[in-house]
Amino acid sequence: MAQIYFDDVKAGQDITTLVQNCNSQRLVFWAAGSGDYYQIHYDKDFAQGTGLPERIVHGALKHALLGRMLHEWIGEQGRVQRVACSYRGMDMIDKDVICKGVVTGTKSENGQNLVDLEIWTEDPSGQKTTPGTATVALPSRS
Amino acid sequence: MTQATVITDDMRAAIGRESDPVTYEVDNTGCRQFARAVGYTDPVFYDETYASTRGYRGILAPPGFLGHPITIPSQQPRAPGGFGLDIPFKRVLNGGTDVEYFDDVCAGDTLTATTKLADLSEREGRMGPMLILNTETTYKNQAGQTVAIARGTAIRY
């Protein structure tokens, strides 16, 4: 993973997209990893009993996937400082969750080189289901 | 214009109220299990020795992981986000998550979290009236440093 430097980042720049399929095994991994055992995410009958068409991807998993996209973009010397998102649309089980981001601004604050981003997830039809914002710190070349 | 409201004076009085502290353990297995769930391959989330070569004091906690609460069945914690409010809606949706970090969180850390009800609002949604609870949880590590603030939105309808 190549290191990205603050000096080379500009507003408007896209960051590397992350695609993660969210099948039932992924959602069970997440239930165990996060401690969220709500059955609408892994029990089809239960999910349909609450009026949902199918099991749905956990919102917090989408938040964590956005965090992974950022971690994988910033390289070893970067730090994820803030990840915020709203769960506007549901993502159904077995579909890809597509994480994207674009740089909105850069600033130097308290000796840190910070990059602000707009981030979001899309479903396979291109619908933005989880819009948000993030801030990461990057190393400088100088 | 008079509108029906589900926000009672009792509910309004709860705004700003802080929960009892809850202890969260950040351990090696917890970090690895969370990292695996998210699909990470970076060994900084799995391998203690490798993490130390990157300058971390232990396995790095993946973004979004702030440990697991200590669960003791005989000591049921207060329902998260409930704040003892008498809410007339049964169903819950997670509206959003915002985690801001002030320092690294690594395996071996013990975090103490207090949650306060930051705001209450209501809205008419597609599925009827909705009550929106904004919470703010502050996580301090064993040294008393604030390492993260998590802001959550719970939708009751």
# chains A, B, ... in the order shown; residues from 1 in each chain; ligands from 1

call {"tool": "interface_residues", "arguments": {"of": "chain B", "to": "chain A", "cutoff": "10 Å", "atoms": "only C-alpha atoms", "output": "MDAnalysis selection string"}}
result
chainID B and resid 29:42 44 54:55 62:69 91 93:104 148:153

call {"tool": "closest_residue", "arguments": {"among": "A:Val19, A:Ile4, A:Val9, A:Leu52", "to": "A:Asp96", "atoms": "only C-alpha atoms"}}
result
A:Val19

call {"tool": "atom_distance", "arguments": {"atom1": "atom CA of A:Trp73", "atom2": "atom CA of A:Thr16"}}
result
6.3 Å

call {"tool": "select_by_dssp", "arguments": {"residues": "chain B", "states": "helix (DSSP H, G or I)", "output": "list of chain:residue names"}}
result
B:Asp9, B:Asp10, B:Met11, B:Arg12, B:Ala13, B:Ala14, B:Asn28, B:Thr29, B:Gly30, B:Cys31, B:Arg32, B:Gln33, B:Phe34, B:Ala35, B:Arg36, B:Ala37, B:Val38, B:Pro43, B:Val44, B:Phe45, B:Glu48, B:Thr49, B:Tyr50, B:Ala51, B:Ser52, B:Thr53

call {"tool": "closest_residue", "arguments": {"among": "A:Ile56, A:Leu138, A:Ala47, A:Ile119", "to": "A:Cys99", "atoms": "only C-alpha atoms"}}
result
A:Ile119

call {"tool": "select_by_dssp", "arguments": {"residues": "stretch 4-138 of chain A", "states": "strand (DSSP E)", "output": "PyMOL selection string"}}
result
chain A and resi 18-21+79-86+96-109+112-122+128-137

call {"tool": "residues_around", "arguments": {"residues": "A:Val102", "least_positions_apart": "4", "cutoff": "8 Å", "atoms": "only C-alpha atoms", "output": "PyMOL selection string"}}
result
chain A and resi 11-15+117-119
